[in-house]
Each structure stands twice: as C-alpha cells, then as structure tokens.
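S.K.: Have a peek at structure.cif (mmCIF, C-alpha atoms and all ligand atoms).
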```cif
data_my_file
#
loop_
_atom_site.group_PDB
_atom_site.id
_atom_site.type_symbol
_atom_site.label_atom_id
_atom_site.label_comp_id
_atom_site.auth_asym_id
_atom_site.auth_seq_id
_atom_site.Cartn_x
_atom_site.Cartn_y
_atom_site.Cartn_z
ATOM 1 C CA MET N 1 2.539 -113.801 -71.067
ATOM 2 C CA SER N 2 -1.232 -113.498 -70.809
ATOM 3 C CA ASP N 3 -3.073 -114.436 -67.623
ATOM 4 C CA LEU N 4 -4.172 -117.712 -69.222
ATOM 5 C CA GLU N 5 -0.672 -118.587 -70.392
ATOM 6 C CA THR N 6 0.705 -117.783 -66.952
ATOM 7 C CA SER N 7 -1.926 -120.047 -65.401
ATOM 8 C CA MET N 8 -1.007 -122.880 -67.769
ATOM 9 C CA VAL N 9 2.668 -122.577 -66.892
ATOM 10 C CA SER N 10 1.717 -122.604 -63.205
ATOM 11 C CA ILE N 11 -0.151 -125.889 -63.662
ATOM 12 C CA ILE N 12 2.898 -127.430 -65.345
ATOM 13 C CA ASP N 13 5.182 -126.089 -62.604
ATOM 14 C CA VAL N 14 2.964 -127.473 -59.832
ATOM 15 C CA PHE N 15 2.817 -130.877 -61.526
ATOM 16 C CA HIS N 16 6.624 -131.033 -61.658
ATOM 17 C CA LYS N 17 6.950 -129.708 -58.115
ATOM 18 C CA TYR N 18 5.119 -132.805 -56.844
ATOM 19 C CA SER N 19 6.180 -135.323 -59.498
ATOM 20 C CA GLY N 20 9.863 -134.468 -59.371
ATOM 21 C CA HIS N 21 12.103 -135.941 -62.038
ATOM 22 C CA LYS N 22 9.950 -139.029 -62.398
ATOM 23 C CA CYS N 23 7.312 -136.881 -64.207
ATOM 24 C CA TYR N 24 4.313 -138.693 -62.738
ATOM 25 C CA LEU N 25 2.336 -138.486 -59.500
ATOM 26 C CA LYS N 26 1.904 -141.322 -57.036
ATOM 27 C CA LYS N 27 -1.013 -141.347 -54.590
ATOM 28 C CA ALA N 28 1.044 -139.673 -51.857
ATOM 29 C CA ASP N 29 2.126 -136.962 -54.314
ATOM 30 C CA LEU N 30 -1.500 -136.283 -55.246
ATOM 31 C CA LYS N 31 -2.501 -136.087 -51.583
ATOM 32 C CA ASP N 32 0.288 -133.594 -50.854
ATOM 33 C CA LEU N 33 -0.617 -131.554 -53.923
ATOM 34 C CA ILE N 34 -4.307 -131.387 -52.974
ATOM 35 C CA ASN N 35 -3.563 -130.472 -49.364
ATOM 36 C CA HIS N 36 -0.958 -127.825 -50.176
ATOM 37 C CA GLU N 37 -2.023 -126.356 -53.518
ATOM 38 C CA LEU N 38 -5.824 -126.580 -53.394
ATOM 39 C CA LYS N 39 -6.574 -125.856 -49.755
ATOM 40 C CA HIS N 40 -8.947 -123.010 -50.625
ATOM 41 C CA PHE N 41 -10.837 -125.115 -53.174
ATOM 42 C CA ILE N 42 -10.901 -128.600 -51.627
ATOM 43 C CA LYS N 43 -11.171 -129.574 -47.977
ATOM 44 C CA LYS N 44 -8.059 -131.212 -46.592
ATOM 45 C CA VAL N 45 -7.815 -134.879 -47.472
ATOM 46 C CA GLU N 46 -6.995 -136.837 -44.328
ATOM 47 C CA ASP N 47 -7.625 -140.437 -45.297
ATOM 48 C CA ASP N 48 -5.860 -142.501 -47.901
ATOM 49 C CA GLU N 49 -9.117 -144.135 -49.009
ATOM 50 C CA THR N 50 -10.437 -140.850 -50.426
ATOM 51 C CA VAL N 51 -7.180 -140.153 -52.234
ATOM 52 C CA GLY N 52 -7.149 -143.722 -53.503
ATOM 53 C CA GLN N 53 -10.623 -143.352 -54.990
ATOM 54 C CA VAL N 54 -9.785 -140.050 -56.681
ATOM 55 C CA PHE N 55 -6.490 -141.463 -57.924
ATOM 56 C CA SER N 56 -8.157 -144.585 -59.276
ATOM 57 C CA ASP N 57 -10.746 -142.517 -61.143
ATOM 58 C CA LEU N 58 -7.977 -140.463 -62.777
ATOM 59 C CA ASP N 59 -5.547 -143.301 -63.535
ATOM 60 C CA GLN N 60 -7.007 -144.232 -66.900
ATOM 61 C CA ASN N 61 -4.341 -146.755 -67.922
ATOM 62 C CA ARG N 62 -4.188 -148.333 -64.422
ATOM 63 C CA ASP N 63 -0.411 -148.064 -64.078
ATOM 64 C CA GLU N 64 -0.618 -146.568 -60.544
ATOM 65 C CA LYS N 65 0.830 -143.292 -61.842
ATOM 66 C CA LEU N 66 -0.768 -140.042 -62.916
ATOM 67 C CA ASP N 67 0.926 -138.579 -65.946
ATOM 68 C CA MET N 68 0.364 -134.997 -67.080
ATOM 69 C CA LYS N 69 -2.632 -135.906 -69.253
ATOM 70 C CA GLU N 70 -4.334 -137.719 -66.364
ATOM 71 C CA PHE N 71 -3.458 -134.861 -64.000
ATOM 72 C CA LEU N 72 -5.046 -132.380 -66.395
ATOM 73 C CA THR N 73 -8.289 -134.337 -66.140
ATOM 74 C CA PHE N 74 -8.150 -133.692 -62.395
ATOM 75 C CA ILE N 75 -7.478 -129.985 -62.935
ATOM 76 C CA ALA N 76 -10.373 -129.776 -65.408
ATOM 77 C CA LYS N 77 -12.761 -131.434 -62.944
ATOM 78 C CA VAL N 78 -11.739 -129.152 -60.058
ATOM 79 C CA LEU N 79 -11.949 -126.121 -62.313
ATOM 80 C CA ALA N 80 -15.410 -127.090 -63.564
ATOM 81 C CA ALA N 81 -16.618 -127.593 -59.983
ATOM 82 C CA CYS N 82 -15.166 -124.251 -58.890
ATOM 83 C CA TYR N 83 -16.606 -122.459 -61.911
ATOM 84 C CA LYS N 84 -20.121 -123.298 -60.738
ATOM 85 C CA THR N 85 -19.609 -121.552 -57.403
ATOM 86 C CA TYR N 86 -17.019 -118.914 -58.231
ATOM 87 C CA VAL N 87 -18.201 -115.331 -58.561
ATOM 88 C CA PRO N 88 -15.418 -113.048 -59.832
ATOM 89 C CA GLN N 89 -16.166 -110.300 -57.283
ATOM 90 C CA GLN N 90 -16.118 -112.867 -54.472
ATOM 91 C CA HIS N 91 -12.685 -114.373 -54.147
ATOM 92 C CA ALA N 92 -13.518 -116.167 -50.918
ATOM 93 C CA MET N 93 -14.823 -119.655 -51.617
ATOM 94 C CA ALA N 94 -15.883 -122.406 -49.292
ATOM 95 C CA PRO N 95 -13.714 -125.485 -49.881
ATOM 96 C CA THR N 96 -15.636 -128.474 -51.207
ATOM 97 C CA HIS N 97 -15.301 -132.173 -50.491
ATOM 98 C CA LEU N 98 -13.843 -134.476 -53.125
HETATM 99 CA CA CA Q 1 -1.718 -143.641 -65.317
#
```
Please express the file's structure as structure tokens.

M.R.:
Amino acid sequence: MSDLETSMVSIIDVFHKYSGHKCYLKKADLKDLINHELKHFIKKVEDDETVGQVFSDLDQNRDEKLDMKEFLTFIAKVLAACYKTYVPQQHAMAPTHL
C-alpha cells in the first residue's frame, strides 16, 4: 500500500482500538485516544471538561457517541492544525492545547 493508504488504515485501526466492538467512541474513549495516540501533537488532557467540550463539538447528531464520520472530523482538525506548524525536515513538534 502507499504511504497515504497505510495512514488511512492506521486511522481506522486506531478508531476500532478505542471503540471496540461497539464501533463508536464515548468521552472516556476519546480522552484515552488523545492521551495515548496523539501525545506528540496534543498536550495531555487531564480534565473531563476539556474532553467534554471537544466531544460536544464533534458529536454532530448529539447522541453522546462519536461514530467514524464524526471521528474523522476530529482527525481532519488535528491534521490541519499540525500542517500549519509541521516542517517535513523537523519531526519534533511542540504539542498544542486543544
Ligand atoms: Ca454522534
């Protein structure tokens, strides 16, 4: 697979790693995912209020679950934020706040 295809499969794998068989993320799942999978991009999320705000912004249908489509919105936002500061020759990035 190409680098892009491999990256896409990784995103799907990470989603299922934290969603499990239920195929959606709860707030606690999102917090774990951020703190374990994005620790070089986003500063560790300690408080539930911050996660709750991010979750609420992403949960478009207000069912208290993030499905894959809603999760991809999160990935797109993080990627867009990282793109602004990422320089290919510099792999070290300072984590940002949510
Ligand atoms: Ca939802």

S.K.: Please evaluate the PyMOL selection byres (((not hetatm)) within 12 of (chain Q and resi 1)) against the structure above and give the resulting residues as a PyMOL selection string.

M.R.: chain N and resi 23-27+55-73

S.K.: Could you pull the residues within 12 Å of segment 40-53 of chain N, counting all atoms listed in the file, minus those fewer than 2 positions along the same chain, as a ChimeraX atom specification?

M.R.: /N:26-38,55-59,64-66,75,77-83,85-86,91-98

S.K.: Just need the box for segment 46-56 of chain N, edges along x, y and z, holding every atom the file lists for it with 8 Å tacked onto each side, so centre and edge lengths in Å to one decimal, as AutoDock Vina command-line options.

M.R.:
```
--center_x -8.2 --center_y -140.7 --center_z -51.8 --size_x 20.8 --size_y 23.7 --size_z 30.9
```

S.K.: In Å, how far is it from atom CA of Leu4 of chain N to atom CA of Lys22 of chain N?

M.R.: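 Computed distance, atom CA of Leu4 of chain N to atom CA of Lys22 of chain N, equals 26.5 Å.
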
S.K.: Between atom CA of Ser7 of chain N and atom CA of Lys84 of chain N, what is the spacing in Å?

M.R.: 19.1 Å

S.K.: If I take atom CA of His21 of chain N and atom CA of Val9 of chain N, how far is one from the other in Å, to one decimal?

M.R.: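 So the answer is 17.1 Å.
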
S.K.: When you get a chance, write out N, CA, C and O atoms for segment 67-78 of chain N, as a PDB file, keeping the file's coordinate frame.

M.R.:
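That gives us result11.pdb:
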```pdb
ATOM      1  N   ASP N  67       0.082-139.388 -65.074  1.00  0.00           N
ATOM      2  CA  ASP N  67       0.926-138.579 -65.946  1.00  0.00           C
ATOM      3  C   ASP N  67       0.260-137.204 -66.135  1.00  0.00           C
ATOM      4  O   ASP N  67      -0.809-136.941 -65.574  1.00  0.00           O
ATOM      5  N   MET N  68       0.887-136.356 -66.908  1.00  0.00           N
ATOM      6  CA  MET N  68       0.364-134.997 -67.080  1.00  0.00           C
ATOM      7  C   MET N  68      -1.050-135.000 -67.646  1.00  0.00           C
ATOM      8  O   MET N  68      -1.910-134.253 -67.194  1.00  0.00           O
ATOM      9  N   LYS N  69      -1.307-135.858 -68.632  1.00  0.00           N
ATOM     10  CA  LYS N  69      -2.632-135.906 -69.253  1.00  0.00           C
ATOM     11  C   LYS N  69      -3.687-136.296 -68.216  1.00  0.00           C
ATOM     12  O   LYS N  69      -4.759-135.693 -68.149  1.00  0.00           O
ATOM     13  N   GLU N  70      -3.388-137.282 -67.398  1.00  0.00           N
ATOM     14  CA  GLU N  70      -4.334-137.719 -66.364  1.00  0.00           C
ATOM     15  C   GLU N  70      -4.489-136.631 -65.296  1.00  0.00           C
ATOM     16  O   GLU N  70      -5.591-136.407 -64.778  1.00  0.00           O
ATOM     17  N   PHE N  71      -3.405-135.959 -64.970  1.00  0.00           N
ATOM     18  CA  PHE N  71      -3.458-134.861 -64.000  1.00  0.00           C
ATOM     19  C   PHE N  71      -4.328-133.723 -64.533  1.00  0.00           C
ATOM     20  O   PHE N  71      -5.087-133.105 -63.773  1.00  0.00           O
ATOM     21  N   LEU N  72      -4.246-133.459 -65.820  1.00  0.00           N
ATOM     22  CA  LEU N  72      -5.046-132.380 -66.395  1.00  0.00           C
ATOM     23  C   LEU N  72      -6.538-132.688 -66.321  1.00  0.00           C
ATOM     24  O   LEU N  72      -7.354-131.767 -66.226  1.00  0.00           O
ATOM     25  N   THR N  73      -6.885-133.956 -66.344  1.00  0.00           N
ATOM     26  CA  THR N  73      -8.289-134.337 -66.140  1.00  0.00           C
ATOM     27  C   THR N  73      -8.737-133.902 -64.746  1.00  0.00           C
ATOM     28  O   THR N  73      -9.843-133.378 -64.572  1.00  0.00           O
ATOM     29  N   PHE N  74      -7.868-134.113 -63.768  1.00  0.00           N
ATOM     30  CA  PHE N  74      -8.150-133.692 -62.395  1.00  0.00           C
ATOM     31  C   PHE N  74      -8.328-132.170 -62.330  1.00  0.00           C
ATOM     32  O   PHE N  74      -9.298-131.675 -61.748  1.00  0.00           O
ATOM     33  N   ILE N  75      -7.401-131.447 -62.937  1.00  0.00           N
ATOM     34  CA  ILE N  75      -7.478-129.985 -62.935  1.00  0.00           C
ATOM     35  C   ILE N  75      -8.782-129.531 -63.601  1.00  0.00           C
ATOM     36  O   ILE N  75      -9.465-128.629 -63.096  1.00  0.00           O
ATOM     37  N   ALA N  76      -9.146-130.151 -64.702  1.00  0.00           N
ATOM     38  CA  ALA N  76     -10.373-129.776 -65.408  1.00  0.00           C
ATOM     39  C   ALA N  76     -11.604-130.012 -64.537  1.00  0.00           C
ATOM     40  O   ALA N  76     -12.521-129.187 -64.498  1.00  0.00           O
ATOM     41  N   LYS N  77     -11.616-131.128 -63.813  1.00  0.00           N
ATOM     42  CA  LYS N  77     -12.761-131.434 -62.944  1.00  0.00           C
ATOM     43  C   LYS N  77     -12.861-130.440 -61.791  1.00  0.00           C
ATOM     44  O   LYS N  77     -13.955-129.972 -61.458  1.00  0.00           O
ATOM     45  N   VAL N  78     -11.731-130.122 -61.169  1.00  0.00           N
ATOM     46  CA  VAL N  78     -11.739-129.152 -60.058  1.00  0.00           C
ATOM     47  C   VAL N  78     -12.155-127.786 -60.575  1.00  0.00           C
ATOM     48  O   VAL N  78     -12.974-127.097 -59.966  1.00  0.00           O
TER      49      VAL N  78
END
```
